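Asks: Have a look at the structure that comes next, please.
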Amino acid sequence: MAEQPELTIQGWGPHPTGGSTDAAGDRAPGLEAVVPKAARRHLAKELGWTPRHTPPVPVAEIRLAPSRLPAPARLALVELLGEENVRTDRESRLLRAGGKSYLDLLRRRAGDATDAPCAVVLPGTTEETAALLALCSEHDVVVVPFGGGTSVVGGLAGVDPDDRPAVALDLRRMASVRELDVPSSIVTVGPGMRGPALEEELGRQGLTFGHLPQSWEFATVGGYAATRSSGQASTGVGRFDELVTGLTLATPSGVLELGHPPATAAGPDLLGLALGSEGTLGVITEVSLRVRPKPTTTSYEGWSFRTWAEGLAALQRLARHDLLPDVVRLSDVDETRANLLMSGSAGARVLRGSLRARGRGEGCLLVVGWEGLPDMVRARVRAGSALLREGRGVRLGRTVGESWRKHRFGAPYTRDTLLDAGLLVETLETAATWAALPTVYDSVRRALRDALTTGGRRPLVMTHLSHGYPTGASLYFTVLADRDEELPIQQWLGAKRAATDALLAAGGTLTHHHAVGADHRPWLEREVGALGVEVLRAVKTRLDPKGICNPGVLLPD
Ligand SMILES: Cc1cc2nc3c(=O)[nH]c(=O)nc-3n(C[C@H](O)[C@H](O)[C@H](O)COP(=O)(O)OP(=O)(O)OC[C@H]3O[C@@H](n4cnc5c(N)ncnc54)[C@H](O)[C@@H]3O)c2cc1C
């Protein structure tokens with residue numbers, strides 16, 4: 001199998017649009033190349049920030065603790081997988097040191113990878129994975145499944161309360177299509193498969209699975225299932241967990257084959273237990289997914305609403321009439337303004353002028369995308385547009401929608417540049433009912449602002465609504481602030497704590513699609529209750545009696 005591109009150790013990447021390459025590898029492009037002057041001025045004024053040059057330490061200087069993998073465990077792993085699939089070299093370990101949250105990046109950029117796994121193991125089959133888990137149980141070695149490495153909640157932290165040595169179990173050797181059942185619209189794939197490769201294979205049959213998170217280039221099918229991911233078109237095609245028709249879970253106690261399409265009433269849904277289990281119950285070694293014909297027509301458009309409340313009300317009406325588009329993304333005033341300034345294109349300047357002329361200079365941008373057969377798209381666009389207009393929306397046309405579509409995977413690359421310029425850049429997300437959304441929105445913004453406003457610093461909190469449901473929607477917050485170079489980790493931890501408390505108190509869920517990981521686990525009990533946590537723990541104890549499967553995530557201490 002061809003090697004897939006790697007994420008860079010200290011950021012996203014490799015940077016397709018340029019940037020310089022130094023001895024350490026790939027470097028993000030400079031601020032001037034990525035952020036237009038007007039946007040730099042806007043950010044400096046809003047945040048009380050002066051751009052500065054704060055590049056990460058060279059990769060060669062990153063600190064890595066010596067591998068603690070005991071020799072007998074290493075020997076047994078080599079016997080099982082072969083020497084080439086048990087790696088303890090520096091680069092392999094650095095590349096699996098944590099995920100891509102702001103906190104992960106801060107540590108890697110500061111030259112700290114002392115939390116890296118002791119080794120990287122690469123099984124090639126379900127049987128090898130099950131044998132590996134049994135072997136690691138026997139040798140008391142922690143196993144952290146590693147898909148694409150894009151976790152943003154500390155899902156790959158590898159923290160063990162008993163401080164046992166840990167290995168990263170990389171799934172890239174299980175990354176092929178195993179079966180395509182066209183009549184039933186089901187594809188069965190290895191968990192290490194990434195979106196682009198799967199879409200390419202399905203595309204040859206005129207099919208798609210349609211899951212498009214922003215991390216699409218690097219994240220894997222197994223990771224999507226383990227975190228209950230949600231993509232940009234999830235309002236239309238469904239969340240990833242809704243696409244899964246079955247999976248195989250290798251655990252230290254044996255192998256579970258879960259799911260029975262098209263439907264079953266054979267007791268409670270065990271498949272549902274594996275989805276979102278974040279590697280704590282075992283390793284997902286195969287996933288069956290619903291696929292569908294590639295859409296023959298797509299229609300992406302921009303709309304503008306005078307206020308966030310008007311936009312919310314219009315979308316709520318669409319939801320009530322089952323007319324939500326496949327892609328729906330309503331930005332609040334702060335996000336709309338920043339996105340238009342960041343774009344810097346002539347088109348964006350024209351749009352800003354035209355919005356001002358229509359009295360919507362401070363409005364909220366809505367991007368909607370409809371996909372499917374031509375007649376259905378036409379009918380849905382007509383009915384949906386009528387409701388948006390009734391809700392006082394102004395249609396901006398296709399250029400805006402297509403521009404968003406073209407640039408939708410670009411933000412993570414820009415993040416590296418902003419980090420290099422001394423900014424705090426992080427996101428968080430939740431979901432709530434339509435009734436609770438306005439309170440959640442206000443409370444989280446207030447909490448973030450209060451926590452991050454100190455000594456002349458003010459954060460910019462930008463929000464969009466995406467992933468609409470008949471009963472509610474998710475909210476996604478992007479936070480920018482002048483980074484506290486003395487205590488950057490504490491600066492964000494304080495804000496995150498305040499925002500999480502606020503969103504739970506206002507009726508939001510702990511996480512709509514990023515999962516629990518290490519970062520959210522102190523709050524899990526507030527979400528599912530003490531008994532709920534006990535039930536999850538009992539299941540884990542049965543499947544993973546020695547507690548070697550990703551012990552630092554999901555379940556609170
Ligand atoms: C820039 C950026 C944008 C993002 N955008 C989105 C988005 O739009 N929507 C969204 O839902 N998420 C998004 N994420 C979060 C992340 O991409 C998702 O959580 C994704 O599902 C993780 O997939 P992965 O393959 O990278 O998993 P990893 O990060 O490797 O692992 C995630 C967790 O799942 C476990 N795991 C991985 N594979 C397996 C397996 N086969 N069996 C058992 N456990 C396993 C890991 O141990 C870990 O706990 C984004 C992240 C970044 C950095």
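In the structure tokens, chains take letters A, B, ... by order of appearance, with residues numbered from 1 within each chain and ligands from 1 in the order shown.
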Would you name the residues within 6 Å of ligand 1, counting only C-alpha atoms and all ligand atoms, and put them as JSON, numbers by chain?
Replies: {"A": [99, 100, 144, 145, 146, 147, 148, 149, 150, 151, 152, 155, 156, 191, 213, 214, 215, 219, 220, 222, 223, 224, 226, 227, 229, 230, 231, 278, 279, 282, 283, 284, 285, 412, 513, 514, 517]}
Asks: Going by DSSP on the backbone, which residues of segment 221-366 of chain A come out as strand (DSSP E or B)? List them as an MDAnalysis selection string.
Replies: chainID A and resid 244:251 254:258 283:290 292:293 297:305 327:331 364:366
Asks: Tyr102 of chain A: which residues within 12 Å, counting only C-alpha atoms, same-chain residues fewer than 6 positions away excluded, as a PyMOL selection string?
Replies: chain A and resi 10-12+108-109+150-154+412+415-416+418-419+423-428+478-480+483+488-493+496+519
Asks: Write out the residues from the selection above, keeping C-alpha atoms, as a PDB file, in the first residue's frame.
Replies:
```pdb
ATOM      1  CA  GLN A  10       3.874  20.610  15.036  1.00  0.00           C
ATOM      2  CA  GLY A  11       0.821  21.584  13.008  1.00  0.00           C
ATOM      3  CA  TRP A  12      -1.391  20.783  10.067  1.00  0.00           C
ATOM      4  CA  ARG A 108       4.842  20.199  20.290  1.00  0.00           C
ATOM      5  CA  ARG A 109       5.691  23.766  19.251  1.00  0.00           C
ATOM      6  CA  THR A 150      -6.546  14.619  14.166  1.00  0.00           C
ATOM      7  CA  SER A 151      -8.196  14.395  17.600  1.00  0.00           C
ATOM      8  CA  VAL A 152      -8.855  17.813  19.091  1.00  0.00           C
ATOM      9  CA  VAL A 153      -9.897  16.649  22.562  1.00  0.00           C
ATOM     10  CA  GLY A 154      -6.763  14.888  23.788  1.00  0.00           C
ATOM     11  CA  PRO A 412      -6.361  24.434   9.609  1.00  0.00           C
ATOM     12  CA  ARG A 415      -4.109  28.221  11.991  1.00  0.00           C
ATOM     13  CA  ASP A 416      -0.396  27.342  11.815  1.00  0.00           C
ATOM     14  CA  LEU A 418      -1.686  32.472  13.227  1.00  0.00           C
ATOM     15  CA  LEU A 419       0.071  30.402  15.897  1.00  0.00           C
ATOM     16  CA  LEU A 423      -2.176  34.048  18.652  1.00  0.00           C
ATOM     17  CA  LEU A 424      -4.287  31.663  20.678  1.00  0.00           C
ATOM     18  CA  VAL A 425      -6.478  29.820  18.137  1.00  0.00           C
ATOM     19  CA  GLU A 426      -8.934  27.167  19.262  1.00  0.00           C
ATOM     20  CA  THR A 427     -12.435  25.916  18.635  1.00  0.00           C
ATOM     21  CA  LEU A 428     -15.131  24.228  20.688  1.00  0.00           C
ATOM     22  CA  THR A 478     -13.753  29.763  17.098  1.00  0.00           C
ATOM     23  CA  VAL A 479     -11.668  31.765  19.559  1.00  0.00           C
ATOM     24  CA  LEU A 480      -8.767  34.057  18.726  1.00  0.00           C
ATOM     25  CA  ARG A 483      -1.486  34.400  23.404  1.00  0.00           C
ATOM     26  CA  PRO A 488      -0.389  29.712  27.333  1.00  0.00           C
ATOM     27  CA  ILE A 489      -1.775  26.367  28.504  1.00  0.00           C
ATOM     28  CA  GLN A 490      -3.360  27.833  31.636  1.00  0.00           C
ATOM     29  CA  GLN A 491      -4.784  30.708  29.580  1.00  0.00           C
ATOM     30  CA  TRP A 492      -6.751  28.282  27.398  1.00  0.00           C
ATOM     31  CA  LEU A 493      -7.604  25.790  30.169  1.00  0.00           C
ATOM     32  CA  LYS A 496     -12.267  26.091  28.196  1.00  0.00           C
ATOM     33  CA  ASP A 519     -10.174  17.136  27.746  1.00  0.00           C
TER      34      ASP A 519
END
```
Asks: Pick out the residues sitting within 10 Å of Pro252 of chain A, and hand them over as an MDAnalysis selection string; count only C-alpha atoms, and ignore anything fewer than 4 positions along from it in its own chain.
Replies: chainID A and resid 129:138 281:283 542:549
Asks: Take the residues from that selection and put them in a file with C-alpha atoms, as a PDB file, in the first residue's frame.
Replies:
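Below is the file result.pdb, written as the result:
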```
ATOM      1  CA  THR A 129      -5.064  -6.829  16.461  1.00  0.00           C
ATOM      2  CA  ALA A 130      -6.894  -9.171  18.836  1.00  0.00           C
ATOM      3  CA  ALA A 131      -3.680 -11.122  19.503  1.00  0.00           C
ATOM      4  CA  LEU A 132      -1.818  -7.845  20.067  1.00  0.00           C
ATOM      5  CA  LEU A 133      -4.401  -6.678  22.621  1.00  0.00           C
ATOM      6  CA  ALA A 134      -4.190 -10.005  24.470  1.00  0.00           C
ATOM      7  CA  LEU A 135      -0.410  -9.757  24.451  1.00  0.00           C
ATOM      8  CA  CYS A 136      -0.392  -6.161  25.716  1.00  0.00           C
ATOM      9  CA  SER A 137      -2.833  -7.145  28.474  1.00  0.00           C
ATOM     10  CA  GLU A 138      -0.459  -9.879  29.521  1.00  0.00           C
ATOM     11  CA  LEU A 281     -13.208  -0.810  24.627  1.00  0.00           C
ATOM     12  CA  GLY A 282     -10.867  -2.050  21.921  1.00  0.00           C
ATOM     13  CA  VAL A 283      -9.933  -1.393  18.338  1.00  0.00           C
ATOM     14  CA  ARG A 542     -15.739  -6.899  30.883  1.00  0.00           C
ATOM     15  CA  LEU A 543     -14.028  -6.229  27.546  1.00  0.00           C
ATOM     16  CA  ASP A 544     -10.746  -4.806  28.861  1.00  0.00           C
ATOM     17  CA  PRO A 545     -10.177  -6.249  32.363  1.00  0.00           C
ATOM     18  CA  LYS A 546      -6.622  -4.902  32.706  1.00  0.00           C
ATOM     19  CA  GLY A 547      -7.679  -1.421  31.525  1.00  0.00           C
ATOM     20  CA  ILE A 548      -5.039  -1.198  28.790  1.00  0.00           C
ATOM     21  CA  CYS A 549      -7.299   0.263  26.070  1.00  0.00           C
TER      22      CYS A 549
END
```
Asks: Skip Leu318 of chain A itself and residues of its chain fewer than 6 positions away, then list as a PyMOL selection string all residues within 9 Å of it, counting only C-alpha atoms.
Replies: chain A and resi 324-325+384+387-388+470
Asks: Please dump the current selection as a short mmCIF file (atom, residue, chain, number, x, y, z; two decimals), in the first residue's frame; keep N, CA and C atoms.
Replies:
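For reference, part-v3.cif as written:
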```cif
data_model
loop_
_atom_site.label_atom_id
_atom_site.label_comp_id
_atom_site.auth_asym_id
_atom_site.auth_seq_id
_atom_site.Cartn_x
_atom_site.Cartn_y
_atom_site.Cartn_z
N LEU A 324 -34.45 21.43 5.62
CA LEU A 324 -33.06 21.87 5.83
C LEU A 324 -32.22 21.41 4.65
N PRO A 325 -31.32 22.26 4.17
CA PRO A 325 -30.42 21.85 3.08
C PRO A 325 -29.43 20.79 3.57
N GLY A 384 -37.30 25.81 -0.04
CA GLY A 384 -36.43 26.32 1.03
C GLY A 384 -36.21 27.81 0.88
N LEU A 387 -39.00 29.95 2.13
CA LEU A 387 -39.04 30.13 3.59
C LEU A 387 -37.94 31.07 4.07
N LEU A 388 -36.76 30.97 3.44
CA LEU A 388 -35.67 31.88 3.86
C LEU A 388 -36.06 33.33 3.58
N PRO A 470 -34.17 18.27 13.08
CA PRO A 470 -35.53 18.76 13.32
C PRO A 470 -35.65 19.39 14.71
#
```
Asks: At a cut-off of 12 Å, can you tabulate as JSON lines every residue of segment 363-398 of chain A near segment 335-342 of chain A together with its closest atom pair and the distance in Å to one decimal, using only C-alpha atoms and ordering rows by chain then number?
Replies:
```
{"residue": "A:Gly363", "atom": "CA", "partner": "A:Thr336", "partner_atom": "CA", "distance": 7.3}
{"residue": "A:Cys364", "atom": "CA", "partner": "A:Thr336", "partner_atom": "CA", "distance": 5.8}
{"residue": "A:Leu365", "atom": "CA", "partner": "A:Thr336", "partner_atom": "CA", "distance": 5.7}
{"residue": "A:Leu366", "atom": "CA", "partner": "A:Thr336", "partner_atom": "CA", "distance": 9.0}
{"residue": "A:Val367", "atom": "CA", "partner": "A:Thr336", "partner_atom": "CA", "distance": 10.9}
```
Asks: With C-alpha atoms kept, could you save the residues just selected as a PDB file, in the first residue's frame?
Replies:
```
ATOM      1  CA  GLY A 363     -25.297  40.952   8.872  1.00  0.00           C
ATOM      2  CA  CYS A 364     -24.962  37.205   9.268  1.00  0.00           C
ATOM      3  CA  LEU A 365     -23.909  35.062   6.338  1.00  0.00           C
ATOM      4  CA  LEU A 366     -25.702  31.795   5.668  1.00  0.00           C
ATOM      5  CA  VAL A 367     -24.263  29.187   3.314  1.00  0.00           C
TER       6      VAL A 367
END
```
Asks: Write out as a PyMOL selection string the set of residues from segment 435-527 of chain A that DSSP, computed on the backbone, places in alpha helix (DSSP H).
Replies: chain A and resi 437-452+488-505+524-527
Asks: Just give me the gap between atom CA of Ala97 of chain A and atom CA of Leu555 of chain A in Å, one decimal is fine.
Replies: 20.8 Å
Asks: Identify which of the residues A:Pro556, A:Gly124, A:Gly98, A:Gly391 lies closest to Val167 of chain A, counting only C-alpha atoms when measuring atom-to-atom distances.
Replies: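 Nearest candidate to Val167 of chain A out of A:Pro556, A:Gly124, A:Gly98, A:Gly391: A:Gly98.
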Asks: Name the closest residue to Thr307 of chain A among the candidates A:Ala197, A:Leu7, A:Val394, A:Ala250; distances are taken between atoms, counting only C-alpha atoms.
Replies: A:Val394
Asks: Considering only C-alpha atoms, return as a VMD selection string whatever protein or nucleic-acid residues lie within 12 Å of Val287 of chain A, sequence-local ones (same chain, fewer than 2 positions apart) excluded.
Replies: chain A and resid 126 174 to 180 186 to 193 220 to 226 240 to 241 243 to 249 257 to 259 271 274 to 275 283 to 285 289 to 290
Asks: Could you check the closest approach to Leu475 of chain A for each of A:Ala313, A:Ala518, A:Leu437, A:Met376 and tell me which residue wins, using only C-alpha atoms?
Replies: A:Leu437
Asks: Between atom CA of Phe477 of chain A and atom CA of Thr399 of chain A, what is the distance, to one decimal in Å?
Replies: 25.0 Å
Asks: Looking at only C-alpha atoms, which of A:Arg41, A:Arg497, A:Arg349, A:Arg405 is the one that sits closest to Asp450 of chain A?
Replies: A:Arg497
Asks: Extract, using only C-alpha atoms, all DNA, RNA and protein residues at most 12 Å from Glu534 of chain A, discarding same-chain residues fewer than 5 positions from it, and format them as a PDB file with C-alpha atoms, in the first residue's frame.
Replies:
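Contents of the output file result18.pdb:
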```pdb
ATOM      1  CA  LEU A 524     -18.916  13.285  31.413  1.00  0.00           C
ATOM      2  CA  GLU A 525     -20.796  12.551  34.613  1.00  0.00           C
ATOM      3  CA  VAL A 528     -24.707  10.960  31.433  1.00  0.00           C
ATOM      4  CA  GLY A 529     -25.058  10.813  35.229  1.00  0.00           C
ATOM      5  CA  VAL A 539     -18.724  -2.675  29.954  1.00  0.00           C
ATOM      6  CA  LYS A 540     -15.074  -1.643  29.813  1.00  0.00           C
ATOM      7  CA  THR A 541     -14.154  -3.941  32.678  1.00  0.00           C
ATOM      8  CA  LEU A 555     -14.253   7.801  31.515  1.00  0.00           C
ATOM      9  CA  PRO A 556     -13.580  10.159  34.422  1.00  0.00           C
ATOM     10  CA  ASP A 557     -11.034   9.074  37.083  1.00  0.00           C
TER      11      ASP A 557
END
```
